[in-house]
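Q: Pasting model39.cif here (mmCIF, C-alpha atoms):
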```
data_model
#
loop_
_atom_site.label_atom_id
_atom_site.label_comp_id
_atom_site.auth_asym_id
_atom_site.auth_seq_id
_atom_site.Cartn_x
_atom_site.Cartn_y
_atom_site.Cartn_z
CA MET D 6 0.00 0.00 0.00
CA ASN D 7 1.33 3.44 -0.94
CA SER D 8 1.64 6.03 1.79
CA PHE D 9 1.88 9.76 1.18
CA SER D 10 2.15 12.74 3.45
CA ARG D 11 -0.34 15.49 2.75
CA ARG D 12 1.25 18.42 0.99
CA ARG D 13 0.18 22.01 1.43
CA ARG D 14 -2.42 23.35 -0.93
CA PRO D 15 -1.34 26.35 -3.00
CA THR D 16 -2.65 29.66 -1.70
CA ALA D 17 -4.10 32.40 -3.89
CA ALA D 18 -0.72 34.13 -3.76
CA VAL D 19 0.94 31.01 -5.09
CA LEU D 20 -1.57 30.82 -7.93
CA ILE D 21 -0.57 34.30 -9.02
CA SER D 22 3.18 34.16 -8.42
CA LEU D 23 3.70 30.79 -10.07
CA ALA D 24 2.11 31.66 -13.41
CA VAL D 25 4.67 30.58 -15.99
CA ALA D 26 5.47 30.93 -19.64
CA THR D 27 4.33 27.62 -21.05
CA GLY D 28 6.22 25.74 -23.70
CA VAL D 29 5.71 25.61 -27.43
CA THR D 30 4.52 22.23 -28.57
CA ALA D 31 2.67 20.57 -31.36
CA CYS D 32 -0.61 20.78 -29.48
CA GLY D 33 -3.59 22.41 -31.12
CA SER D 34 -5.60 25.21 -29.59
CA GLY D 35 -9.05 25.08 -28.15
CA SER D 36 -10.76 24.84 -24.83
CA GLY D 37 -12.33 22.13 -22.77
CA SER D 38 -15.01 22.20 -20.18
CA SER D 39 -13.96 21.71 -16.59
CA GLY D 40 -13.86 18.11 -15.45
CA THR D 41 -14.30 17.17 -11.82
CA LYS D 42 -13.81 13.93 -10.02
CA GLY D 43 -17.01 11.97 -9.70
CA ALA D 44 -18.23 10.60 -6.39
CA ASP D 45 -17.99 7.17 -7.98
CA SER D 46 -14.65 5.73 -6.86
CA GLY D 47 -14.61 3.70 -10.07
CA THR D 48 -14.19 6.89 -12.13
CA TYR D 49 -10.71 8.38 -12.50
CA THR D 50 -10.22 11.84 -13.99
CA VAL D 51 -7.62 12.68 -16.62
CA TRP D 52 -6.81 16.24 -17.70
CA ASP D 53 -4.72 16.78 -20.83
CA PRO D 54 -3.71 19.62 -23.19
CA TYR D 55 -5.07 17.92 -26.32
CA PRO D 56 -8.50 19.47 -26.91
CA GLN D 57 -8.09 18.77 -30.62
CA PHE D 58 -8.79 15.08 -29.96
CA ALA D 59 -12.51 14.39 -29.72
CA LYS D 60 -14.32 11.32 -28.47
CA GLY D 61 -13.53 8.38 -30.74
CA SER D 62 -10.02 9.59 -31.61
CA ALA D 63 -7.00 7.33 -31.14
CA TRP D 64 -6.05 9.28 -27.99
CA THR D 65 -9.43 9.03 -26.25
CA ASN D 66 -9.72 5.38 -27.26
CA LEU D 67 -6.38 4.74 -25.56
CA LEU D 68 -7.60 6.42 -22.38
CA ASP D 69 -10.72 4.26 -22.41
CA LYS D 70 -8.60 1.15 -22.98
CA CYS D 71 -6.22 1.98 -20.12
CA GLY D 72 -9.19 2.63 -17.84
CA THR D 73 -10.72 -0.71 -18.72
CA GLU D 74 -7.42 -2.51 -18.07
CA ALA D 75 -7.22 -0.81 -14.66
CA GLY D 76 -10.82 -1.78 -13.91
CA VAL D 77 -12.13 1.78 -13.83
CA LYS D 78 -13.67 4.42 -16.07
CA ALA D 79 -11.33 7.16 -17.31
CA LYS D 80 -13.15 10.50 -17.42
CA ARG D 81 -11.11 12.81 -19.63
CA THR D 82 -11.16 16.59 -20.17
CA GLY D 83 -8.98 18.38 -22.71
CA PHE D 84 -7.83 21.96 -22.02
CA ASP D 85 -5.92 24.54 -23.97
CA THR D 86 -2.25 24.38 -22.90
CA SER D 87 -2.18 27.94 -21.58
CA ASP D 88 -5.34 27.32 -19.55
CA LEU D 89 -4.36 24.03 -17.98
CA THR D 90 -1.74 25.31 -15.52
CA ASN D 91 -4.11 27.73 -13.79
CA LYS D 92 -6.88 25.13 -13.79
CA ALA D 93 -4.53 22.61 -12.15
CA LEU D 94 -3.35 25.08 -9.49
CA LEU D 95 -6.92 26.10 -8.67
CA ALA D 96 -8.10 22.48 -8.48
CA ALA D 97 -5.26 21.67 -6.08
CA GLN D 98 -6.20 24.62 -3.88
CA GLN D 99 -9.76 23.31 -3.76
CA GLY D 100 -8.68 19.72 -3.06
CA ASN D 101 -10.14 18.54 -6.35
CA SER D 102 -7.12 17.64 -8.48
CA PRO D 103 -7.52 15.14 -11.34
CA ASP D 104 -6.01 11.69 -10.84
CA ILE D 105 -3.84 12.04 -13.93
CA LEU D 106 -2.56 15.40 -15.13
CA ILE D 107 -0.69 15.70 -18.42
CA VAL D 108 1.11 19.05 -18.68
CA ASP D 109 3.71 20.84 -20.80
CA ASN D 110 7.13 20.00 -19.38
CA PRO D 111 8.17 23.51 -18.16
CA VAL D 112 5.04 23.58 -16.00
CA VAL D 113 6.06 20.51 -13.97
CA SER D 114 8.48 22.41 -11.73
CA THR D 115 5.87 25.10 -11.10
CA LEU D 116 3.29 22.56 -9.98
CA ALA D 117 5.90 20.67 -7.98
CA GLU D 118 6.97 23.79 -6.11
CA ALA D 119 3.33 24.53 -5.34
CA GLY D 120 2.96 21.10 -3.74
CA VAL D 121 0.52 19.89 -6.37
CA LEU D 122 2.34 16.76 -7.59
CA THR D 123 3.54 13.49 -6.11
CA THR D 124 7.09 12.33 -6.83
CA THR D 125 7.96 9.14 -8.66
CA ASP D 126 9.46 7.89 -5.37
CA ASP D 127 5.96 8.23 -3.94
CA ASN D 128 3.84 7.09 -6.86
CA LYS D 129 6.21 4.33 -8.06
CA LEU D 130 6.11 5.32 -11.73
CA ASP D 131 8.95 3.52 -13.51
CA THR D 132 11.15 6.00 -15.40
CA SER D 133 14.17 3.72 -15.83
CA LYS D 134 13.88 3.53 -19.64
CA VAL D 135 13.43 7.27 -20.21
CA ASP D 136 16.34 9.18 -21.75
CA PRO D 137 17.92 11.19 -18.88
CA ASN D 138 18.00 14.47 -20.83
CA LEU D 139 14.23 14.26 -21.37
CA LEU D 140 13.44 13.16 -17.82
CA ALA D 141 15.40 16.16 -16.49
CA ALA D 142 12.62 18.49 -17.67
CA GLY D 143 10.39 16.99 -14.98
CA GLN D 144 12.91 17.13 -12.15
CA SER D 145 13.21 19.73 -9.44
CA GLY D 146 15.15 19.76 -6.19
CA GLY D 147 16.51 16.28 -6.84
CA LYS D 148 13.03 14.78 -7.22
CA THR D 149 11.22 13.51 -10.34
CA TYR D 150 7.58 14.47 -10.79
CA GLY D 151 6.29 12.35 -13.65
CA THR D 152 7.35 10.78 -16.91
CA PRO D 153 7.38 12.23 -20.44
CA ILE D 154 4.78 11.03 -22.90
CA GLY D 155 6.87 12.26 -25.82
CA ALA D 156 9.08 15.08 -26.99
CA ASN D 157 9.37 17.52 -29.80
CA THR D 158 12.20 19.88 -30.52
CA LEU D 159 13.75 22.13 -33.14
CA ALA D 160 15.94 21.44 -36.15
CA LEU D 161 16.70 23.05 -39.51
CA TYR D 162 14.46 22.24 -42.44
CA TYR D 163 16.17 22.91 -45.77
CA ASN D 164 14.97 23.28 -49.34
CA LYS D 165 17.03 20.94 -51.53
CA LYS D 166 16.33 22.83 -54.76
CA VAL D 167 17.40 26.21 -53.38
CA LEU D 168 20.62 24.76 -52.00
CA LYS D 169 21.39 22.93 -55.24
CA GLU D 170 20.90 26.09 -57.32
CA ALA D 171 23.20 27.96 -54.93
CA GLY D 172 25.87 25.26 -55.16
CA VAL D 173 25.59 24.32 -51.48
CA ASP D 174 26.35 20.75 -50.41
CA ILE D 175 24.30 20.18 -47.26
CA THR D 176 26.94 17.79 -45.91
CA SER D 177 29.32 20.76 -45.70
CA VAL D 178 27.10 22.46 -43.11
CA LYS D 179 28.63 21.31 -39.84
CA ASP D 180 28.99 24.44 -37.68
CA TRP D 181 28.11 28.13 -37.60
CA ALA D 182 30.84 29.20 -40.01
CA SER D 183 29.82 26.69 -42.68
CA LEU D 184 26.13 27.49 -42.19
CA THR D 185 26.81 31.22 -42.63
CA ALA D 186 28.91 30.45 -45.73
CA ALA D 187 25.97 28.49 -47.15
CA LEU D 188 23.63 31.43 -46.48
CA GLU D 189 26.02 33.74 -48.30
CA LYS D 190 25.98 31.49 -51.36
CA VAL D 191 22.20 31.33 -51.29
CA LYS D 192 21.92 35.11 -51.18
CA LYS D 193 24.33 35.51 -54.08
CA ALA D 194 22.19 33.07 -56.06
CA GLY D 195 19.20 35.40 -55.60
CA LYS D 196 17.34 33.35 -53.01
CA LYS D 197 16.57 33.90 -49.34
CA GLY D 198 18.63 32.44 -46.53
CA ILE D 199 17.03 31.43 -43.24
CA THR D 200 13.84 32.21 -41.38
CA PHE D 201 13.07 31.70 -37.71
CA SER D 202 10.98 33.15 -34.87
CA ALA D 203 12.51 35.87 -32.71
CA ILE D 204 9.21 37.25 -31.44
CA GLY D 205 9.08 38.77 -27.96
CA THR D 206 7.44 35.77 -26.30
CA GLU D 207 8.44 32.31 -25.10
CA GLU D 208 8.53 31.25 -28.75
CA GLY D 209 11.43 33.65 -29.33
CA SER D 210 13.39 32.23 -26.40
CA PHE D 211 12.53 28.69 -27.48
CA GLN D 212 14.04 29.33 -30.92
CA PHE D 213 17.09 31.20 -29.63
CA LEU D 214 18.06 28.55 -27.09
CA PRO D 215 19.72 26.09 -29.56
CA TRP D 216 22.11 28.84 -30.64
CA PHE D 217 22.64 30.03 -27.07
CA TRP D 218 23.32 26.52 -25.80
CA GLY D 219 25.19 25.66 -29.00
CA ALA D 220 27.67 28.39 -28.14
CA GLY D 221 28.24 26.80 -24.73
CA ALA D 222 26.29 29.48 -22.83
CA LYS D 223 24.29 28.81 -19.66
CA LEU D 224 20.95 30.28 -18.62
CA THR D 225 22.40 31.28 -15.27
CA GLN D 226 24.73 33.74 -17.06
CA LEU D 227 22.94 35.37 -19.98
CA ASP D 228 25.71 37.91 -20.66
CA SER D 229 28.59 35.46 -21.04
CA ALA D 230 30.88 35.76 -24.06
CA GLN D 231 29.26 32.60 -25.43
CA GLY D 232 25.77 34.06 -25.11
CA GLN D 233 26.91 37.25 -26.83
CA SER D 234 28.33 35.24 -29.73
CA ALA D 235 24.98 33.52 -30.25
CA LEU D 236 23.05 36.78 -30.33
CA SER D 237 25.70 38.33 -32.57
CA LEU D 238 25.23 35.44 -35.00
CA TRP D 239 21.52 36.25 -35.41
CA LYS D 240 22.26 39.99 -35.56
CA ASP D 241 24.87 39.48 -38.28
CA TRP D 242 22.47 37.35 -40.30
CA LEU D 243 19.93 40.18 -40.34
CA LYS D 244 22.61 42.75 -41.09
CA GLY D 245 23.94 40.65 -43.97
CA GLY D 246 20.49 40.03 -45.43
CA TYR D 247 20.66 36.31 -44.74
CA ALA D 248 17.55 36.45 -42.51
CA PRO D 249 14.55 38.77 -42.95
CA ASN D 250 13.60 41.54 -40.55
CA SER D 251 10.24 39.79 -40.22
CA VAL D 252 11.82 37.39 -37.74
CA LEU D 253 11.25 40.06 -35.07
CA ASN D 254 7.51 39.45 -35.30
CA ASN D 255 7.49 35.89 -36.61
CA THR D 256 5.79 33.20 -34.63
CA GLN D 257 6.83 29.65 -35.47
CA THR D 258 3.74 29.46 -37.65
CA THR D 259 4.44 32.58 -39.70
CA SER D 260 8.09 31.63 -39.97
CA TRP D 261 6.98 28.30 -41.42
CA GLN D 262 4.71 30.07 -43.87
CA GLU D 263 7.74 32.00 -45.15
CA PHE D 264 9.66 28.79 -45.69
CA ALA D 265 6.66 27.19 -47.38
CA THR D 266 6.87 29.79 -50.19
CA GLY D 267 9.86 27.84 -51.50
CA ASP D 268 12.14 30.89 -51.53
CA TYR D 269 14.14 30.11 -48.37
CA ALA D 270 17.05 27.74 -48.02
CA PHE D 271 16.54 27.06 -44.30
CA ALA D 272 13.91 27.34 -41.59
CA GLU D 273 14.28 26.65 -37.90
CA ASN D 274 11.16 24.81 -36.82
CA GLY D 275 9.87 21.72 -35.10
CA THR D 276 8.63 18.19 -35.51
CA TRP D 277 5.06 19.49 -35.53
CA GLN D 278 5.63 20.88 -39.05
CA LEU D 279 6.35 17.48 -40.60
CA ALA D 280 2.86 17.12 -42.04
CA ASN D 281 3.05 20.63 -43.51
CA ALA D 282 6.50 19.92 -44.91
CA LYS D 283 5.10 17.03 -46.91
CA LYS D 284 2.44 19.35 -48.33
CA ALA D 285 4.89 22.13 -49.23
CA GLY D 286 5.43 20.91 -52.78
CA PHE D 287 9.23 20.79 -52.79
CA ASP D 288 11.92 18.38 -51.68
CA TYR D 289 13.16 19.11 -48.20
CA GLY D 290 15.56 17.67 -45.68
CA VAL D 291 16.14 18.06 -41.95
CA LEU D 292 19.41 18.86 -40.23
CA PRO D 293 20.01 19.03 -36.46
CA ILE D 294 20.95 22.60 -35.51
CA PRO D 295 24.76 22.73 -35.46
CA GLY D 296 26.76 23.90 -32.50
CA ALA D 297 29.15 26.82 -32.87
CA SER D 298 32.14 24.54 -33.39
CA GLY D 299 30.30 21.51 -34.76
CA GLY D 300 28.17 18.66 -33.50
CA SER D 301 24.49 18.98 -32.67
CA ALA D 302 23.42 21.87 -30.47
CA ALA D 303 21.12 21.16 -27.57
CA ALA D 304 17.66 22.31 -28.60
CA PRO D 305 14.89 22.80 -26.03
CA THR D 306 12.40 20.01 -25.56
CA GLY D 307 8.70 20.48 -25.97
CA GLY D 308 6.17 17.83 -25.08
CA GLU D 309 4.24 16.78 -22.03
CA PHE D 310 4.70 14.87 -18.78
CA VAL D 311 2.24 12.43 -17.28
CA THR D 312 1.97 13.34 -13.60
CA LEU D 313 -0.02 12.17 -10.55
CA PRO D 314 -1.36 15.06 -8.46
CA VAL D 315 -1.66 14.85 -4.67
CA GLN D 316 -5.01 13.45 -3.48
CA ASP D 317 -6.83 13.62 -0.16
CA ASP D 318 -7.77 9.96 -0.70
CA THR D 319 -4.33 8.34 -0.93
CA GLY D 320 -5.95 5.03 -1.84
CA ARG D 321 -6.43 6.36 -5.39
CA TYR D 322 -2.71 6.37 -6.19
CA THR D 323 -2.39 2.67 -6.95
CA THR D 324 -4.97 2.79 -9.75
CA ALA D 325 -3.73 6.17 -10.99
CA GLN D 326 -0.26 4.66 -11.31
CA LYS D 327 -1.72 1.80 -13.36
CA LEU D 328 -3.34 4.31 -15.71
CA ALA D 329 -0.12 6.32 -16.10
CA THR D 330 1.91 3.13 -16.68
CA CYS D 331 -0.53 2.02 -19.37
CA LEU D 332 -0.37 5.38 -21.16
CA THR D 333 3.43 5.25 -21.25
CA SER D 334 3.93 1.56 -22.07
CA THR D 335 6.16 0.79 -25.06
CA GLN D 336 3.37 0.07 -27.56
CA ASN D 337 1.13 2.87 -26.36
CA LEU D 338 3.98 5.38 -26.47
CA TYR D 339 4.64 4.36 -30.06
CA ASP D 340 1.01 4.82 -31.06
CA THR D 341 0.53 8.07 -29.14
CA ASP D 342 3.76 9.69 -30.31
CA THR D 343 2.95 8.78 -33.89
CA THR D 344 -0.42 10.52 -33.48
CA LEU D 345 1.17 13.61 -31.88
CA SER D 346 4.18 13.75 -34.27
CA TYR D 347 6.42 13.41 -31.21
CA VAL D 348 9.67 11.57 -30.72
CA ALA D 349 9.31 8.94 -28.01
CA PRO D 350 11.17 9.42 -24.71
CA THR D 351 12.82 5.96 -24.74
CA SER D 352 15.46 4.55 -27.09
CA GLU D 353 13.41 1.37 -27.51
CA VAL D 354 10.44 3.24 -28.98
CA GLN D 355 12.63 5.69 -30.89
CA ASP D 356 14.19 2.73 -32.72
CA LYS D 357 10.71 1.51 -33.65
CA GLN D 358 9.78 4.95 -34.95
CA VAL D 359 12.85 5.20 -37.17
CA ALA D 360 12.35 1.65 -38.45
CA ALA D 361 8.83 2.63 -39.52
CA ASN D 362 9.80 6.06 -40.88
CA ALA D 363 13.43 6.78 -41.75
CA GLU D 364 12.64 10.51 -42.06
CA LEU D 365 12.46 10.64 -38.25
CA LYS D 366 16.17 9.84 -37.83
CA PRO D 367 17.39 13.49 -37.72
CA TRP D 368 14.60 14.31 -35.27
CA VAL D 369 15.59 11.44 -32.98
CA ASP D 370 19.17 12.70 -33.12
CA ALA D 371 17.98 16.21 -32.27
CA VAL D 372 15.89 14.96 -29.34
CA LYS D 373 18.81 12.94 -27.98
CA ALA D 374 20.85 16.15 -27.89
CA ALA D 375 17.95 18.22 -26.55
CA LYS D 376 17.60 19.79 -23.13
CA GLY D 377 14.71 20.79 -20.90
CA ARG D 378 14.23 24.50 -20.39
CA THR D 379 13.94 24.03 -16.63
CA SER D 380 16.87 21.60 -16.46
CA ASP D 381 19.96 22.41 -14.38
CA ASP D 382 17.49 22.73 -11.48
CA LEU D 383 16.26 26.11 -12.75
CA GLY D 384 12.65 25.19 -12.04
CA THR D 385 10.46 28.25 -11.59
CA LYS D 386 13.42 30.59 -12.22
CA TYR D 387 13.21 29.79 -15.93
CA PRO D 388 10.24 32.02 -16.88
CA LYS D 389 11.96 35.17 -15.61
CA ILE D 390 15.20 34.24 -17.35
CA SER D 391 13.34 33.48 -20.56
CA GLU D 392 11.51 36.81 -20.51
CA GLN D 393 14.77 38.73 -20.21
CA MET D 394 16.28 36.57 -22.96
CA TRP D 395 13.56 37.33 -25.50
CA LYS D 396 13.70 41.02 -24.59
CA ALA D 397 17.46 40.99 -25.23
CA VAL D 398 16.97 39.27 -28.58
CA GLN D 399 14.38 41.87 -29.58
CA SER D 400 16.61 44.75 -28.50
CA ALA D 401 19.64 43.47 -30.37
CA LEU D 402 17.88 42.50 -33.59
CA SER D 403 15.93 45.78 -33.75
CA GLY D 404 19.18 47.72 -33.34
CA SER D 405 18.22 49.50 -30.13
CA LYS D 406 21.08 47.82 -28.24
CA SER D 407 24.24 45.91 -29.07
CA PRO D 408 24.15 42.17 -28.34
CA LYS D 409 26.54 42.75 -25.44
CA ASP D 410 24.51 45.56 -23.88
CA ALA D 411 21.23 43.74 -24.43
CA LEU D 412 22.42 40.64 -22.62
CA THR D 413 24.17 42.61 -19.87
CA ASP D 414 20.92 44.41 -19.14
CA ALA D 415 19.04 41.10 -19.28
CA GLN D 416 21.35 39.52 -16.72
CA SER D 417 21.01 42.52 -14.42
CA ALA D 418 17.21 42.28 -14.63
CA VAL D 419 17.27 38.58 -13.75
CA LYS D 420 19.34 39.26 -10.65
#
```
Once more with this new file: its structure as structure tokens, please.

A:
Amino acid sequence: MNSFSRRRRPTAAVLISLAVATGVTACGSGSGSSGTKGADSGTYTVWDPYPQFAKGSAWTNLLDKCGTEAGVKAKRTGFDTSDLTNKALLAAQQGNSPDILIVDNPVVSTLAEAGVLTTTDDNKLDTSKVDPNLLAAGQSGGKTYGTPIGANTLALYYNKKVLKEAGVDITSVKDWASLTAALEKVKKAGKKGITFSAIGTEEGSFQFLPWFWGAGAKLTQLDSAQGQSALSLWKDWLKGGYAPNSVLNNTQTTSWQEFATGDYAFAENGTWQLANAKKAGFDYGVLPIPGASGGSAAAPTGGEFVTLPVQDDTGRYTTAQKLATCLTSTQNLYDTDTTLSYVAPTSEVQDKQVAANAELKPWVDAVKAAKGRTSDDLGTKYPKISEQMWKAVQSALSGSKSPKDALTDAQSAVK
């Protein structure tokens, strides 16, 4: 029998102070109606950020199947990603948390700090097969608070025709210098270089992080020489005409739309664009984002964690654990991550994905090099750091500050 100590419920102040910038994933938008736990002990509630999946979809069928296998009914409610965090905090305050809560990975540390979630030591979820770099996104204070259901990340899509006409061999692109040289050739050939999102939101930070980390910079020191080199790279691309000024306002969606015109050689974007890439009408490839001196840069992970919130009735944990284990079993991970266009969090399932679709190989490589935004035990410090990062990017690319001054001011603001 599992035993748990009661954790504090988050106060109203906690609800306000722990609002975070949520991650950028492949999830669709929408809203779900509030779901509450039924009086019937044979009904277990599941909240997820997938409102795009209606009753009868592969996802809801899986939830029903896992409920049946656990001998209970799974009552599911889908919420918009941005709405789910506040709903979860409020439910915890009221003592009415769902049995299973699936949340964007940067939110895990927020909910953990608020005392909303049980640890894997408590709930006995087996995370032994999960890639450590992906599991780290759900860790805080030396504890693990769930298990990833899948991951997405960023890489470089490239237009094979544009590169061929510019005389660029994609195998030559191995680091920042060779990538910039390729962009120069593309521009001379009369085409456009690279598009990305540098908007002043979490999306901008999300897209800047591979270059920041690829330079060897750390989020605890935004104004390091390495961080400055990453921001200078983007600044120089705009100055040289290799990237458009529209990146300042581009979301990942509008950036993709630019690439889809067929005029750009490269676009930084995610696994969630794979279906659109196949509809674009031109041959494309995918390249992991290179580090400054070569190798694959660590890109940030998107994707969700399956967590078990704290319950007043601790007897519910055993069945909740069975539901979570079912959702993240090898076969179910494969099916779910195929539906979500995610890379699985375990090598075993990743191998199955690549065997079924060789085009996923560069994405698996990118995910293996990826890093959680709240890793390095940043936890709830990340949102403030991220906000100052995207402000610095905006300042530098708009020309209002130098990359050095922008990041120096950002670091001062974080402190």

Q: Name the residues that the PyMOL selection byres ((chain D and resi 65) around 12) pulls out of this structure, and write them as a short mmCIF file (atom, residue, chain, number, x, y, z; two decimals) with C-alpha atoms, in the coordinates of the input.

A:
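Heads up, here's the output in part-v4.cif:
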```cif
data_model
loop_
_atom_site.label_atom_id
_atom_site.label_comp_id
_atom_site.auth_asym_id
_atom_site.auth_seq_id
_atom_site.Cartn_x
_atom_site.Cartn_y
_atom_site.Cartn_z
CA VAL D 51 -7.62 12.68 -16.62
CA TRP D 52 -6.81 16.24 -17.70
CA ASP D 53 -4.72 16.78 -20.83
CA TYR D 55 -5.07 17.92 -26.32
CA PRO D 56 -8.50 19.47 -26.91
CA GLN D 57 -8.09 18.77 -30.62
CA PHE D 58 -8.79 15.08 -29.96
CA ALA D 59 -12.51 14.39 -29.72
CA LYS D 60 -14.32 11.32 -28.47
CA GLY D 61 -13.53 8.38 -30.74
CA SER D 62 -10.02 9.59 -31.61
CA ALA D 63 -7.00 7.33 -31.14
CA TRP D 64 -6.05 9.28 -27.99
CA ASN D 66 -9.72 5.38 -27.26
CA LEU D 67 -6.38 4.74 -25.56
CA LEU D 68 -7.60 6.42 -22.38
CA ASP D 69 -10.72 4.26 -22.41
CA LYS D 70 -8.60 1.15 -22.98
CA CYS D 71 -6.22 1.98 -20.12
CA GLY D 72 -9.19 2.63 -17.84
CA LYS D 78 -13.67 4.42 -16.07
CA ALA D 79 -11.33 7.16 -17.31
CA LYS D 80 -13.15 10.50 -17.42
CA ARG D 81 -11.11 12.81 -19.63
CA THR D 82 -11.16 16.59 -20.17
CA GLY D 83 -8.98 18.38 -22.71
CA LEU D 332 -0.37 5.38 -21.16
CA THR D 341 0.53 8.07 -29.14
CA THR D 344 -0.42 10.52 -33.48
#
```

Q: What does the distance from CA of Gly205 (chain D) to CA of Met394 (chain D) come to in Å, to one decimal?

A: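 Separating CA of Gly205 (chain D) from CA of Met394 (chain D) is a distance of 9.0 Å.
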
Q: Set the distance at 8 Å and use only C-alpha atoms: which residues neighbour Ala397 (chain D) once local chain neighbours fewer than 6 positions away are removed? I'd like the list as a PyMOL selection string.

A: chain D and resi 408+411-412+414-415

Q: Of the candidates D:Leu89, D:Leu140, D:Ala270, D:Ala117, which shows the shortest atom-to-atom distance to Gly172 (chain D), using only C-alpha atoms?

A: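 With only C-alpha atoms as the atom set, the closest residue is D:Ala270.
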
Q: Work out how far CA of Thr385 (chain D) is from CA of Thr158 (chain D), in Å to one decimal.

A: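 Distance between the two atoms: 20.8 Å.
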
Q: Which residue out of D:Val291, D:Pro54, D:Thr256, D:Ser229 has the minimum interatomic distance to Val178 (chain D) when all atoms listed in the file are used?

A: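 Using all atoms listed in the file, the shortest distance to Val178 (chain D) belongs to D:Val291.
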
Q: Assuming the chain letters and numbering stay as they are in my file, what does the PyMOL selection byres ((chain D and resi 194-198) around 8) actually select? List them as a list in words.

A: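 Applied to this file, the PyMOL selection byres ((chain D and resi 194-198) around 8) selects Val167, Glu170, Ala171, Leu188, Glu189, Lys190, Val191, Lys192, Lys193, Ile199, Thr200, Gly246, Tyr247, Ala248, Asp268, Tyr269, Ala270 and Phe271 of chain D.
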
Q: Apply the PyMOL selection byres ((chain D and resi 213) around 10) to the file shown and report the selected residues as a list of chain:residue names.

A: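 This file, filtered by the PyMOL selection byres ((chain D and resi 213) around 10), leaves D:Phe201, D:Ser202, D:Ala203, D:Glu207, D:Glu208, D:Gly209, D:Ser210, D:Phe211, D:Gln212, D:Leu214, D:Pro215, D:Trp216, D:Phe217, D:Trp218, D:Gly219, D:Ala235, D:Leu236, D:Trp239, D:Glu273, D:Ala304, D:Pro305, D:Met394, D:Trp395, D:Val398.
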
Q: Using only C-alpha atoms, pick whichever of D:Pro137, D:Gly151, D:Gly299, D:Gly275 has the shortest atom-to-atom distance to Trp181 (chain D).

A: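 Once distances to Trp181 (chain D) are computed over only C-alpha atoms, the minimum belongs to D:Gly299.
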
Q: Identify which of the residues D:Gln416, D:Thr312, D:Thr324, D:Thr152 lies closest to Asp131 (chain D), counting only C-alpha atoms when measuring atom-to-atom distances.

A: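 Ranked by minimum distance to Asp131 (chain D), first place goes to D:Thr152.
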
Q: Nearest residue to Asp342 (chain D) out of D:Asn250, D:Gln231, D:Asn157, D:Thr225, using all atoms listed in the file?

A: D:Asn157

Q: Separation of CA of Val369 (chain D) and CA of Leu328 (chain D), in Å?

A: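 Going from CA of Val369 (chain D) over to CA of Leu328 (chain D) covers 26.6 Å.
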
Q: Report as a ChimeraX atom specification all protein, DNA and RNA residues lying within 8 Å of region 374-376 of chain D, evaluated on all atoms listed in the file, omitting residues in the same chain fewer than 6 positions from it.

A: /D:138-139,141-142,158,301-306

Q: Please give the centre and size of the box around region 291-302 of chain D (axis-aligned, containing every atom listed in the file, 6 Å added per side), with values in Å to one decimal and written as AutoDock Vina command-line options.

A:
```
--center_x 24.1 --center_y 22.4 --center_z -36.2 --size_x 28.0 --size_y 20.8 --size_z 23.5
```

Q: Taking into account only C-alpha atoms, which residue in the set D:Val348, D:Ile154, D:Val419, D:Leu238 is nearest to Ser391 (chain D)?

A: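 The shortest atom-to-atom distance to Ser391 (chain D) comes from D:Val419.
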
Q: Excluding Tyr339 (chain D) and any residue of its chain fewer than 3 positions from it, enumerate the residues within 8 Å of it, using only C-alpha atoms, and give them as a list in words.

A: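 Near neighbours after the sequence-gap exclusion: Thr335, Gln336, Asp342, Thr343, Ala349, Val354, Lys357 and Gln358 of chain D.
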